[in-house]
$ cat model_12.tsv   # TSV, C-alpha atoms
chain	number	residue	atom	x	y	z
Q	1	MET	CA	-144.24	24.14	68.95
Q	2	SER	CA	-146.16	27.32	69.57
Q	3	THR	CA	-149.74	26.71	70.76
Q	4	GLU	CA	-150.83	29.96	69.13
Q	5	LEU	CA	-150.35	28.58	65.61
Q	6	PRO	CA	-152.44	25.92	63.85
Q	7	LEU	CA	-150.98	22.46	63.56
Q	8	PRO	CA	-148.57	22.03	60.64
Q	9	ALA	CA	-150.02	20.12	57.70
Q	10	LYS	CA	-147.59	17.24	58.31
Q	11	THR	CA	-148.78	16.84	61.91
Q	12	ALA	CA	-152.46	17.15	60.97
Q	13	ARG	CA	-152.12	14.37	58.39
Q	14	ARG	CA	-150.29	12.11	60.81
Q	15	LEU	CA	-152.83	12.62	63.56
Q	16	LYS	CA	-155.47	11.28	61.16
Q	17	LEU	CA	-153.33	8.19	60.63
Q	18	TRP	CA	-152.72	7.77	64.35
Q	19	ASP	CA	-156.47	7.41	65.18
Q	20	SER	CA	-155.77	7.27	68.96
Q	21	TYR	CA	-154.21	3.80	68.95
Q	22	ARG	CA	-152.32	2.97	72.16
Q	23	SER	CA	-149.67	0.29	72.49
Q	24	TYR	CA	-150.99	-3.26	72.95
Q	25	GLN	CA	-154.64	-2.22	72.91
Q	26	TYR	CA	-155.31	-5.39	70.91
Q	27	LEU	CA	-154.89	-7.16	74.27
Q	28	ALA	CA	-156.86	-6.85	77.50
Q	29	ALA	CA	-155.07	-4.51	79.90
Q	30	GLY	CA	-154.98	-5.92	83.42
Q	31	GLU	CA	-155.62	-9.42	82.11
Q	32	ASP	CA	-153.01	-10.04	79.40
Q	33	TYR	CA	-150.51	-7.55	80.81
Q	34	ARG	CA	-150.13	-5.10	83.68
Q	35	ALA	CA	-151.25	-1.58	82.79
Q	36	PHE	CA	-148.94	1.06	84.27
Q	37	GLU	CA	-149.78	4.74	84.50
Q	38	LEU	CA	-147.57	6.26	81.83
Q	39	ALA	CA	-146.07	9.72	81.45
Q	40	PRO	CA	-147.90	11.98	78.98
Q	41	ALA	CA	-146.42	11.89	75.50
Q	42	LEU	CA	-146.82	15.66	75.22
Q	43	GLY	CA	-146.58	18.45	77.78
Q	44	ARG	CA	-144.98	16.38	80.54
Q	45	VAL	CA	-143.24	19.52	81.85
Q	46	PRO	CA	-145.76	22.40	81.83
Q	47	GLY	CA	-144.38	25.62	80.39
Q	48	ALA	CA	-141.24	23.96	79.01
Q	49	ALA	CA	-142.10	24.34	75.32
Q	50	LEU	CA	-140.08	26.85	73.32
Q	51	THR	CA	-141.70	29.38	71.00
Q	52	TRP	CA	-140.09	30.96	67.96
Q	53	SER	CA	-140.66	34.05	65.85
Q	54	GLU	CA	-143.31	33.79	63.15
Q	55	ASP	CA	-140.64	33.96	60.45
Q	56	VAL	CA	-138.52	31.17	61.95
Q	57	GLU	CA	-141.58	29.02	62.57
Q	58	ALA	CA	-142.82	29.50	59.00
Q	59	ARG	CA	-139.41	28.67	57.51
Q	60	ALA	CA	-139.07	25.57	59.68
Q	61	ARG	CA	-142.54	24.27	58.83
Q	62	ASP	CA	-141.95	24.78	55.13
Q	63	PHE	CA	-138.60	23.02	55.44
Q	64	GLU	CA	-140.13	20.04	57.25
Q	65	GLU	CA	-142.77	19.68	54.55
Q	66	ARG	CA	-140.16	19.45	51.79
Q	67	HIS	CA	-137.29	17.47	53.35
Q	68	LEU	CA	-136.80	14.01	54.82
Q	69	VAL	CA	-136.07	14.89	58.47
Q	70	ILE	CA	-134.06	12.28	60.39
Q	71	SER	CA	-133.15	11.67	64.01
Q	72	ALA	CA	-129.99	9.55	64.10
Q	73	HIS	CA	-130.78	8.31	67.61
Q	74	ASP	CA	-133.82	8.52	69.88
Q	75	HIS	CA	-135.81	6.19	72.11
Q	76	LEU	CA	-139.42	5.90	71.02
Q	77	SER	CA	-140.46	4.63	74.42
Q	78	LEU	CA	-143.10	5.92	76.79
Q	79	ARG	CA	-141.95	5.60	80.41
Q	80	PRO	CA	-144.10	5.17	83.53
Q	81	ALA	CA	-145.27	8.32	85.28
Q	82	ASP	CA	-143.87	7.01	88.58
Q	83	PRO	CA	-140.10	6.33	88.51
Q	84	GLY	CA	-140.71	3.71	91.19
Q	85	ASP	CA	-142.40	1.60	88.50
Q	86	PHE	CA	-139.44	1.66	86.11
Q	87	ALA	CA	-137.95	-1.75	86.97
Q	88	ALA	CA	-141.28	-3.63	87.06
Q	89	TYR	CA	-142.36	-1.96	83.83
Q	90	ARG	CA	-139.16	-2.99	82.07
Q	91	ARG	CA	-139.35	-6.56	83.35
Q	92	GLN	CA	-142.77	-6.99	81.77
Q	93	GLY	CA	-141.19	-6.62	78.35
Q	94	ARG	CA	-143.92	-4.46	76.82
Q	95	GLU	CA	-142.38	-1.04	76.26
Q	96	SER	CA	-145.15	1.32	75.13
Q	97	ILE	CA	-144.57	3.28	71.93
Q	98	PRO	CA	-145.70	6.94	72.21
Q	99	TYR	CA	-147.69	7.21	68.99
Q	100	GLU	CA	-149.25	10.55	69.90
Q	101	GLY	CA	-145.84	12.09	70.52
Q	102	ILE	CA	-144.45	10.61	67.31
Q	103	ALA	CA	-147.39	12.05	65.34
Q	104	HIS	CA	-146.66	15.54	66.72
Q	105	SER	CA	-142.97	15.45	65.82
Q	106	GLY	CA	-141.68	16.89	62.56
Q	107	VAL	CA	-139.37	13.88	62.13
Q	108	ASP	CA	-139.88	11.52	59.18
Q	109	LEU	CA	-137.37	8.85	60.13
Q	110	PHE	CA	-136.23	7.83	63.62
Q	111	PHE	CA	-133.31	5.53	64.34
Q	112	ASP	CA	-134.89	3.97	67.42
Q	113	GLY	CA	-132.79	2.69	70.30
Q	114	GLY	CA	-135.96	1.24	71.82
Q	115	PRO	CA	-135.60	0.03	75.40
Q	116	ALA	CA	-131.81	0.34	74.94
Q	117	ALA	CA	-129.66	-1.74	77.27
Q	118	VAL	CA	-132.32	-2.11	79.91
Q	119	SER	CA	-133.66	-5.37	78.47
Q	120	MET	CA	-134.29	-6.92	81.90
Q	121	ILE	CA	-137.14	-9.27	81.12
Q	122	ARG	CA	-135.65	-12.67	81.98
Q	123	SER	CA	-132.15	-11.62	83.00
Q	124	HIS	CA	-131.03	-9.40	85.88
Q	125	ALA	CA	-128.17	-8.12	83.73
Q	126	PRO	CA	-128.32	-5.91	80.64
Q	127	TRP	CA	-127.81	-7.11	77.08
Q	128	ASP	CA	-129.19	-10.63	77.42
Q	129	TRP	CA	-129.75	-12.20	73.97
Q	130	ASP	CA	-133.26	-13.53	74.68
Q	131	ASP	CA	-134.31	-10.20	76.16
Q	132	ALA	CA	-132.97	-8.23	73.18
Q	133	VAL	CA	-134.76	-10.48	70.70
Q	134	SER	CA	-137.96	-10.28	72.76
Q	135	ASP	CA	-137.85	-6.48	72.75
Q	136	LEU	CA	-137.22	-6.28	69.01
Q	137	ALA	CA	-140.02	-8.72	68.22
Q	138	MET	CA	-142.51	-7.24	70.69
Q	139	ARG	CA	-142.03	-3.79	69.24
Q	140	GLN	CA	-142.79	-5.06	65.78
Q	141	ALA	CA	-145.86	-6.94	67.00
Q	142	ASP	CA	-147.24	-3.65	68.30
Q	143	LEU	CA	-146.25	-1.75	65.16
Q	144	ALA	CA	-148.18	-4.28	63.07
Q	145	HIS	CA	-151.45	-3.22	64.74
Q	146	GLN	CA	-151.37	0.47	63.75
Q	147	ARG	CA	-150.93	2.69	60.69
Q	148	LEU	CA	-148.84	5.68	61.78
Q	149	VAL	CA	-145.36	4.15	62.22
Q	150	ALA	CA	-143.73	2.03	59.53
Q	151	PRO	CA	-140.69	-0.21	60.11
Q	152	VAL	CA	-137.85	0.81	57.77
Q	153	ARG	CA	-135.19	-1.57	56.46
Q	154	THR	CA	-134.29	0.29	53.25
Q	155	LEU	CA	-134.30	3.87	52.03
Q	156	GLU	CA	-137.16	2.91	49.70
Q	157	ASP	CA	-139.13	2.03	52.85
Q	158	ALA	CA	-138.29	5.45	54.31
Q	159	ASP	CA	-139.36	7.31	51.18
Q	160	ARG	CA	-142.55	5.26	50.91
Q	161	ALA	CA	-143.43	5.97	54.55
Q	162	ARG	CA	-142.93	9.71	54.12
Q	163	ALA	CA	-144.98	9.77	50.91
Q	164	GLY	CA	-147.80	8.07	52.81
Q	165	HIS	CA	-147.54	10.57	55.72
Q	166	GLN	CA	-146.20	7.85	58.01
Q	167	VAL	CA	-143.18	8.03	60.31
Q	168	GLY	CA	-140.42	5.57	59.51
Q	169	VAL	CA	-138.54	3.74	62.26
Q	170	VAL	CA	-135.19	1.97	61.93
Q	171	LEU	CA	-134.58	-0.60	64.67
Q	172	THR	CA	-131.16	-0.36	66.30
Q	173	LEU	CA	-129.24	-1.75	69.27
Q	174	GLU	CA	-126.65	0.30	71.12
Q	175	SER	CA	-124.38	-2.70	71.69
Q	176	ALA	CA	-123.46	-5.96	70.02
Q	177	SER	CA	-123.04	-7.52	73.48
Q	178	PRO	CA	-126.10	-9.81	73.04
Q	179	ILE	CA	-124.36	-11.82	70.30
Q	180	GLY	CA	-121.84	-13.16	72.83
Q	181	ASN	CA	-119.20	-14.98	70.79
Q	182	ASP	CA	-121.55	-16.01	67.96
Q	183	VAL	CA	-121.06	-13.83	64.88
Q	184	ASP	CA	-123.96	-15.58	63.12
Q	185	ARG	CA	-126.31	-13.86	65.55
Q	186	LEU	CA	-125.61	-10.66	63.62
Q	187	ASP	CA	-127.47	-12.28	60.71
Q	188	LEU	CA	-130.40	-12.96	63.03
Q	189	LEU	CA	-130.45	-9.33	64.19
Q	190	TYR	CA	-130.39	-8.22	60.56
Q	191	GLY	CA	-133.30	-10.57	59.86
Q	192	LEU	CA	-135.20	-8.97	62.76
Q	193	GLY	CA	-134.76	-5.57	61.11
Q	194	VAL	CA	-131.70	-4.16	62.88
Q	195	ARG	CA	-129.88	-1.83	60.48
Q	196	LEU	CA	-127.54	0.02	62.86
Q	197	LEU	CA	-125.59	-1.51	65.71
Q	198	GLY	CA	-123.25	-0.21	68.38
Q	199	LEU	CA	-120.13	-2.30	68.89
Q	200	VAL	CA	-119.91	-1.75	72.66
Q	201	TYR	CA	-122.05	-0.08	75.32
Q	202	SER	CA	-119.72	1.59	77.83
Q	203	GLU	CA	-118.57	-1.57	79.62
Q	204	SER	CA	-116.28	-3.73	77.51
Q	205	ASN	CA	-117.59	-6.84	75.78
Q	206	GLN	CA	-116.08	-9.62	73.69
Q	207	LEU	CA	-115.76	-7.32	70.67
Q	208	GLY	CA	-113.82	-4.45	72.20
Q	209	SER	CA	-113.48	-1.87	74.93
Q	210	GLY	CA	-116.13	0.50	76.22
Q	211	LEU	CA	-115.71	4.14	77.14
Q	212	ALA	CA	-116.19	3.38	80.85
Q	213	ASP	CA	-113.12	1.16	81.11
Q	214	ALA	CA	-109.61	2.48	81.72
Q	215	GLY	CA	-107.86	-0.01	79.42
Q	216	ASP	CA	-108.56	-0.04	75.68
Q	217	THR	CA	-106.58	-2.16	73.23
Q	218	GLY	CA	-108.98	-1.83	70.31
Q	219	LEU	CA	-111.09	-4.51	68.67
Q	220	THR	CA	-110.60	-8.12	69.69
Q	221	LEU	CA	-110.28	-10.86	67.07
Q	222	LEU	CA	-113.98	-11.53	67.51
Q	223	GLY	CA	-114.64	-7.82	67.16
Q	224	ARG	CA	-112.83	-7.76	63.82
Q	225	ARG	CA	-114.88	-10.72	62.59
Q	226	ALA	CA	-118.09	-9.06	63.77
Q	227	LEU	CA	-117.15	-5.81	62.04
Q	228	ARG	CA	-116.59	-7.64	58.76
Q	229	ARG	CA	-119.95	-9.37	59.09
Q	230	MET	CA	-121.71	-6.07	59.77
Q	231	ASN	CA	-120.07	-4.60	56.65
Q	232	ASP	CA	-121.12	-7.64	54.60
Q	233	LEU	CA	-124.71	-7.60	55.88
Q	234	GLY	CA	-125.22	-3.86	55.51
Q	235	ILE	CA	-125.48	-2.87	59.18
Q	236	ILE	CA	-124.21	0.62	60.02
Q	237	VAL	CA	-121.41	0.49	62.60
Q	238	ASP	CA	-121.89	2.85	65.58
Q	239	VAL	CA	-119.12	3.68	68.07
Q	240	SER	CA	-121.07	6.07	70.33
Q	241	HIS	CA	-120.27	4.11	73.50
Q	242	SER	CA	-117.01	2.50	72.38
Q	243	GLY	CA	-113.65	3.33	73.88
Q	244	ASP	CA	-111.48	5.69	71.86
Q	245	ALA	CA	-108.96	3.10	70.68
Q	246	THR	CA	-111.74	0.66	69.79
Q	247	ALA	CA	-113.52	3.36	67.79
Q	248	LEU	CA	-110.33	4.25	65.89
Q	249	ASP	CA	-109.63	0.57	65.23
Q	250	ALA	CA	-113.16	0.12	63.87
Q	251	VAL	CA	-112.67	3.01	61.46
Q	252	ARG	CA	-109.34	1.61	60.24
Q	253	ARG	CA	-110.79	-1.85	59.58
Q	254	SER	CA	-114.27	-1.01	58.30
Q	255	THR	CA	-114.98	-1.02	54.57
Q	256	ALA	CA	-118.01	1.23	55.15
Q	257	PRO	CA	-118.57	4.53	56.98
Q	258	VAL	CA	-118.44	4.38	60.79
Q	259	VAL	CA	-120.72	6.71	62.74
Q	260	ILE	CA	-121.22	8.25	66.16
Q	261	THR	CA	-125.00	8.51	66.42
Q	262	HIS	CA	-125.20	10.25	69.80
Q	263	ALA	CA	-122.37	12.01	71.61
Q	264	GLY	CA	-120.67	15.40	71.62
Q	265	SER	CA	-117.30	17.12	71.73
Q	266	ARG	CA	-114.95	16.23	74.58
Q	267	ALA	CA	-113.11	19.48	73.85
Q	268	LEU	CA	-116.21	21.27	75.18
Q	269	TRP	CA	-117.10	18.86	77.99
Q	270	PRO	CA	-114.27	16.60	79.22
Q	271	THR	CA	-116.05	13.36	80.02
Q	272	PRO	CA	-115.41	9.94	78.44
Q	273	ARG	CA	-119.01	10.02	77.16
Q	274	MET	CA	-118.04	12.82	74.76
Q	275	LYS	CA	-115.71	12.11	71.81
Q	276	PRO	CA	-112.18	13.48	71.34
Q	277	ASP	CA	-111.28	15.29	68.15
Q	278	ASP	CA	-109.30	12.39	66.65
Q	279	VAL	CA	-112.28	10.01	66.91
Q	280	ILE	CA	-114.69	12.56	65.44
Q	281	ARG	CA	-112.25	13.26	62.60
Q	282	ALA	CA	-111.72	9.56	61.95
Q	283	CYS	CA	-115.45	8.83	61.65
Q	284	ALA	CA	-115.91	11.84	59.37
Q	285	GLY	CA	-112.94	10.68	57.28
Q	286	SER	CA	-114.60	7.29	56.82
Q	287	GLY	CA	-117.61	9.04	55.30
Q	288	GLY	CA	-119.55	8.88	58.56
Q	289	PHE	CA	-120.93	11.53	60.91
Q	290	ILE	CA	-121.33	12.51	64.54
Q	291	GLY	CA	-124.90	12.86	65.77
Q	292	VAL	CA	-125.03	15.31	68.68
Q	293	GLU	CA	-127.10	14.18	71.63
Q	294	ALA	CA	-129.20	15.88	74.30
Q	295	ALA	CA	-129.74	13.24	77.00
Q	296	PRO	CA	-129.60	14.93	80.43
Q	297	HIS	CA	-126.13	15.93	81.66
Q	298	THR	CA	-124.26	14.98	78.48
Q	299	THR	CA	-123.67	17.85	76.01
Q	300	ILE	CA	-123.09	20.60	78.56
Q	301	THR	CA	-120.48	23.32	78.00
Q	302	ALA	CA	-118.58	25.74	80.21
Q	303	ARG	CA	-120.38	28.61	78.45
Q	304	HIS	CA	-123.78	26.92	78.95
Q	305	PRO	CA	-123.44	25.04	82.25
Q	306	ARG	CA	-127.20	24.45	82.50
Q	307	HIS	CA	-127.97	21.72	79.98
Q	308	ASP	CA	-130.42	23.06	77.39
Q	309	LEU	CA	-130.85	23.55	73.65
Q	310	ASP	CA	-128.12	26.22	73.53
Q	311	SER	CA	-125.50	23.92	75.04
Q	312	VAL	CA	-126.49	21.12	72.64
Q	313	MET	CA	-126.16	23.46	69.68
Q	314	GLU	CA	-122.76	24.66	70.88
Q	315	HIS	CA	-121.59	21.06	70.51
Q	316	ILE	CA	-123.09	20.93	67.03
Q	317	GLU	CA	-121.28	24.09	65.97
Q	318	ARG	CA	-118.01	22.85	67.48
Q	319	CYS	CA	-118.30	19.63	65.47
Q	320	ILE	CA	-119.12	21.57	62.31
Q	321	ASP	CA	-115.99	23.66	62.82
Q	322	LEU	CA	-113.95	20.49	63.36
Q	323	VAL	CA	-115.09	18.23	60.48
Q	324	GLY	CA	-117.40	20.28	58.29
Q	325	ILE	CA	-121.16	20.42	57.95
Q	326	ASP	CA	-121.26	17.25	55.80
Q	327	HIS	CA	-120.38	15.11	58.81
Q	328	VAL	CA	-122.67	16.32	61.61
Q	329	ALA	CA	-126.24	15.26	62.40
Q	330	PHE	CA	-128.92	15.30	65.09
Q	331	GLY	CA	-128.89	12.36	67.53
Q	332	PRO	CA	-130.91	13.66	70.49
Q	333	ASP	CA	-131.06	10.39	72.49
Q	334	THR	CA	-134.30	11.44	74.19
Q	335	ASN	CA	-137.39	9.54	75.35
Q	336	PHE	CA	-140.93	10.26	76.51
Q	337	GLY	CA	-140.85	10.47	80.29
Q	338	ASP	CA	-138.53	11.44	83.11
Q	339	HIS	CA	-135.16	10.78	81.47
Q	340	THR	CA	-133.15	12.02	84.45
Q	341	ALA	CA	-134.97	9.63	86.79
Q	342	TRP	CA	-134.51	6.80	84.29
Q	343	HIS	CA	-130.75	7.37	84.40
Q	344	ARG	CA	-130.75	7.43	88.20
Q	345	THR	CA	-132.66	4.15	88.36
Q	346	PHE	CA	-130.55	2.16	85.93
Q	347	ALA	CA	-127.10	3.78	86.25
Q	348	PRO	CA	-125.82	0.95	88.51
Q	349	LEU	CA	-126.20	-1.45	85.56
Q	350	PHE	CA	-123.73	0.41	83.38
Q	351	GLY	CA	-120.33	2.02	83.42
Q	352	LYS	CA	-120.11	5.62	84.57
Q	353	ASP	CA	-117.89	8.52	83.65
Q	354	ASP	CA	-115.94	8.13	86.90
Q	355	ALA	CA	-114.86	4.59	86.09
Q	356	HIS	CA	-111.55	5.74	84.63
Q	357	ASP	CA	-108.88	4.90	87.24
Q	358	GLY	CA	-111.54	5.26	89.92
Q	359	LYS	CA	-111.54	9.05	89.60
Q	360	ALA	CA	-114.30	11.33	88.38
Q	361	PRO	CA	-113.29	13.70	85.58
Q	362	GLU	CA	-112.71	17.28	86.62
Q	363	LEU	CA	-115.58	19.30	85.20
Q	364	PRO	CA	-116.38	23.00	85.25
Q	365	PRO	CA	-119.21	24.01	87.59
Q	366	HIS	CA	-122.59	22.99	86.17
Q	367	GLU	CA	-126.20	22.59	87.25
Q	368	GLU	CA	-128.18	19.40	87.73
Q	369	VAL	CA	-131.35	19.53	85.62
Q	370	GLU	CA	-134.62	17.63	85.77
Q	371	TYR	CA	-135.01	17.92	81.99
Q	372	VAL	CA	-133.23	19.50	79.03
Q	373	ARG	CA	-135.25	22.51	77.95
Q	374	GLY	CA	-135.85	22.47	74.21
Q	375	CYS	CA	-134.91	18.79	73.92
Q	376	GLU	CA	-137.20	17.20	76.48
Q	377	ASN	CA	-138.49	14.44	74.19
Q	378	PRO	CA	-138.39	13.18	70.57
Q	379	ALA	CA	-141.48	15.20	69.66
Q	380	GLU	CA	-139.62	18.48	70.11
Q	381	ALA	CA	-135.83	17.98	70.05
Q	382	VAL	CA	-135.14	17.83	66.31
Q	383	GLY	CA	-137.76	20.47	65.56
Q	384	ASN	CA	-136.16	22.91	67.98
Q	385	MET	CA	-132.70	22.18	66.58
Q	386	ILE	CA	-133.96	23.07	63.10
Q	387	ARG	CA	-135.57	26.27	64.38
Q	388	TRP	CA	-132.45	27.25	66.31
Q	389	LEU	CA	-130.41	26.98	63.11
Q	390	PHE	CA	-132.83	29.08	61.08
Q	391	ASP	CA	-132.94	31.61	63.91
Q	392	ARG	CA	-129.12	31.91	63.67
Q	393	GLY	CA	-129.16	32.45	59.91
Q	394	TYR	CA	-128.18	29.01	58.62
Q	395	SER	CA	-129.11	28.35	54.99
Q	396	GLU	CA	-131.72	25.80	53.99
Q	397	ALA	CA	-129.03	23.74	52.25
Q	398	ASP	CA	-126.95	23.50	55.42
Q	399	VAL	CA	-129.95	22.71	57.62
Q	400	ALA	CA	-130.91	19.96	55.17
Q	401	LYS	CA	-127.53	18.28	55.68
Q	402	LEU	CA	-127.73	18.40	59.48
Q	403	ALA	CA	-131.40	17.43	59.67
Q	404	GLY	CA	-131.18	14.31	57.56
Q	405	GLY	CA	-129.04	14.57	54.46
Q	406	ASN	CA	-125.83	13.38	56.09
Q	407	VAL	CA	-127.53	10.37	57.70
Q	408	ARG	CA	-129.26	9.48	54.45
Q	409	ARG	CA	-125.92	9.53	52.61
Q	410	VAL	CA	-124.43	7.03	55.03
Q	411	ALA	CA	-127.52	4.80	54.90
Q	412	GLU	CA	-127.39	4.77	51.10
Q	413	THR	CA	-123.69	3.85	51.20
Q	414	VAL	CA	-124.21	0.99	53.67
Q	415	TRP	CA	-127.69	-0.27	52.72
Q	416	GLY	CA	-127.94	0.70	49.07
Q	417	ARG	CA	-131.49	1.67	48.18
$ encode --input "model_12.tsv" --output "structure tokens"
Amino acid sequence: MSTELPLPAKTARRLKLWDSYRSYQYLAAGEDYRAFELAPALGRVPGAALTWSEDVEARARDFEERHLVISAHDHLSLRPADPGDFAAYRRQGRESIPYEGIAHSGVDLFFDGGPAAVSMIRSHAPWDWDDAVSDLAMRQADLAHQRLVAPVRTLEDADRARAGHQVGVVLTLESASPIGNDVDRLDLLYGLGVRLLGLVYSESNQLGSGLADAGDTGLTLLGRRALRRMNDLGIIVDVSHSGDATALDAVRRSTAPVVITHAGSRALWPTPRMKPDDVIRACAGSGGFIGVEAAPHTTITARHPRHDLDSVMEHIERCIDLVGIDHVAFGPDTNFGDHTAWHRTFAPLFGKDDAHDGKAPELPPHEEVEYVRGCENPAEAVGNMIRWLFDRGYSEADVAKLAGGNVRRVAETVWGR
């Protein structure tokens, strides 16, 4: 956002609600928990903010005031300032929520991946059941002590939060791995507020294959049972990290739309982390969408080899061309802190793009970046995507679909009101 303009009305109202609350301040720092020095929620990278023309800025602000703006996937987590603290911080199990950054965003509803797979509180491995439950419950304990952010389990909750100038948050998990072989645990996750769930996170689990594994035979028998239970409960099925055959199998068997909340087009960037055309088409055909992400070193293109807003938007336009504007959304997959360092620290826990047959994919020349300019954190990513679209002449009706309408349609189909 341009520092030369006054704060938008939406932001000004939310800052009044925020009232400077910091995560877990109802406890005694240093006594009840270890206080880490955290990255700033705003301005972590000096000079990285984008500015837009007065006309584009005015149109975007007016749009944000009148529409429910949704991020299909982000991590509302504030990371330590020192990457050397990442593991100890995560093991404490108190992930700070960046309320100041959330208040400054133009987003009304975040689908929050939270601490994601790095739930390493009691276990040394990712996706432990007790750790996942602890993270979900701890987040809600902190949310209960403030006024700005409201947990969302229904679209009525989302509309109520927006009307009250709050920011709604949908709790999600990127993998169903924590349920093990117990389908009834899906009911427990639903009871804890989870309304969107990934089937697999890169490395295969008991439900199906992940994108990091060479072999992929689709959903297992347990995976089929879990999918049915998710449909029955009203949990949105996400295949962002699933293998291609598993994703296609999920679409065939699901009675509800299947989504990709955060990925991009493999036709533009040939890594397993991106999605091939047939998977994108299948999800769109189910009534779902693809949310295009901006996590470092994901949605790069040959035309934009330095990962930034332009490369992200090239993936968005490619997906629009492929499946139509009714099936594309924003899924930035960002956090507050050094995202590149976070990946470097925890990459050994998860599958990598070079896991296929032990060979790294052949990629066009590209640059390593310390951050993705224009999409550095959840406070700016969606807002800059909206402004980019207005700057390129997109209509308000089309921006409204990309910036929330398509996600809302799927949520209404799966959740009801």
$ residues_around --input "model_12.tsv" --residues "Q:Asp85" --least-positions-apart "4" --cutoff "9 Å" --atoms "all atoms listed in the file" --output "list in words"
Phe36, Glu37, Pro80, Ala81, Tyr89 and Arg90 of chain Q
$ atom_distance --input "model_12.tsv" --atom1 "atom CA of Q:Gly291" --atom2 "atom CA of Q:Arg306"
20.5 Å
$ atom_distance --input "model_12.tsv" --atom1 "atom CA of Q:Asp135" --atom2 "atom CA of Q:Val149"
16.7 Å
$ residues_around --input "model_12.tsv" --residues "Q:Gly191" --least-positions-apart "5" --cutoff "10 Å" --atoms "only C-alpha atoms" --output "list of chain:residue names"
Q:Arg153, Q:Arg185, Q:Leu186, Q:Leu233
$ atom_distance --input "model_12.tsv" --atom1 "atom CA of Q:Ala212" --atom2 "atom CA of Q:His339"
20.4 Å
$ closest_residue --input "model_12.tsv" --among "Q:Asp74, Q:Gly243, Q:Ala302, Q:Trp415" --to "Q:Val194" --atoms "all atoms listed in the file"
Q:Trp415
$ residues_around --input "model_12.tsv" --residues "Q:Ala158" --least-positions-apart "5" --cutoff "9 Å" --atoms "only C-alpha atoms" --output "ChimeraX atom specification"
/Q:68,108-109,150-153,163,167-170
$ closest_residue --input "model_12.tsv" --among "Q:Ala88, Q:Leu196, Q:Leu222, Q:Leu188" --to "Q:Phe111" --atoms "all atoms listed in the file"
Q:Leu196
$ closest_residue --input "model_12.tsv" --among "Q:Ala403, Q:Gly234, Q:Thr217, Q:Pro98" --to "Q:Arg387" --atoms "all atoms listed in the file"
Q:Ala403
$ residues_around --input "model_12.tsv" --residues "stretch 372-377 of chain Q" --least-positions-apart "4" --cutoff "7 Å" --atoms "only C-alpha atoms" --output "list in words"
Ala48, Ala49, Leu50, Ala294, Pro296, His307, Asp308, Leu309, Thr334, Asn335, Phe336, Ala381 and Asn384 of chain Q
$ build_atoms --input "model_12.tsv" --residues "stretch 173-184 of chain Q" --atoms "N, CA and C atoms" --output "PDB file, keeping the file's coordinate frame"
ATOM      1  N   LEU Q 173    -129.703  -1.387  67.929  1.00  0.00           N
ATOM      2  CA  LEU Q 173    -129.240  -1.750  69.270  1.00  0.00           C
ATOM      3  C   LEU Q 173    -127.974  -0.954  69.545  1.00  0.00           C
ATOM      4  N   GLU Q 174    -127.806  -0.519  70.777  1.00  0.00           N
ATOM      5  CA  GLU Q 174    -126.650   0.300  71.120  1.00  0.00           C
ATOM      6  C   GLU Q 174    -125.406  -0.520  71.412  1.00  0.00           C
ATOM      7  N   SER Q 175    -125.543  -1.844  71.435  1.00  0.00           N
ATOM      8  CA  SER Q 175    -124.380  -2.700  71.690  1.00  0.00           C
ATOM      9  C   SER Q 175    -124.575  -4.043  71.021  1.00  0.00           C
ATOM     10  N   ALA Q 176    -123.462  -4.603  70.550  1.00  0.00           N
ATOM     11  CA  ALA Q 176    -123.460  -5.960  70.020  1.00  0.00           C
ATOM     12  C   ALA Q 176    -123.264  -7.001  71.106  1.00  0.00           C
ATOM     13  N   SER Q 177    -123.259  -6.590  72.375  1.00  0.00           N
ATOM     14  CA  SER Q 177    -123.040  -7.520  73.480  1.00  0.00           C
ATOM     15  C   SER Q 177    -123.956  -8.750  73.437  1.00  0.00           C
ATOM     16  N   PRO Q 178    -125.240  -8.622  73.032  1.00  0.00           N
ATOM     17  CA  PRO Q 178    -126.100  -9.810  73.040  1.00  0.00           C
ATOM     18  C   PRO Q 178    -125.630 -10.960  72.159  1.00  0.00           C
ATOM     19  N   ILE Q 179    -124.770 -10.717  71.173  1.00  0.00           N
ATOM     20  CA  ILE Q 179    -124.360 -11.820  70.300  1.00  0.00           C
ATOM     21  C   ILE Q 179    -123.373 -12.744  71.007  1.00  0.00           C
ATOM     22  N   GLY Q 180    -122.824 -12.338  72.153  1.00  0.00           N
ATOM     23  CA  GLY Q 180    -121.840 -13.160  72.830  1.00  0.00           C
ATOM     24  C   GLY Q 180    -120.637 -13.393  71.934  1.00  0.00           C
ATOM     25  N   ASN Q 181    -120.323 -14.668  71.684  1.00  0.00           N
ATOM     26  CA  ASN Q 181    -119.200 -14.980  70.790  1.00  0.00           C
ATOM     27  C   ASN Q 181    -119.670 -15.610  69.488  1.00  0.00           C
ATOM     28  N   ASP Q 182    -120.949 -15.391  69.147  1.00  0.00           N
ATOM     29  CA  ASP Q 182    -121.550 -16.010  67.960  1.00  0.00           C
ATOM     30  C   ASP Q 182    -121.818 -14.945  66.899  1.00  0.00           C
ATOM     31  N   VAL Q 183    -120.922 -14.846  65.927  1.00  0.00           N
ATOM     32  CA  VAL Q 183    -121.060 -13.830  64.880  1.00  0.00           C
ATOM     33  C   VAL Q 183    -122.314 -14.059  64.048  1.00  0.00           C
ATOM     34  N   ASP Q 184    -122.762 -15.304  63.919  1.00  0.00           N
ATOM     35  CA  ASP Q 184    -123.960 -15.580  63.120  1.00  0.00           C
ATOM     36  C   ASP Q 184    -125.207 -14.915  63.704  1.00  0.00           C
TER      37      ASP Q 184
END
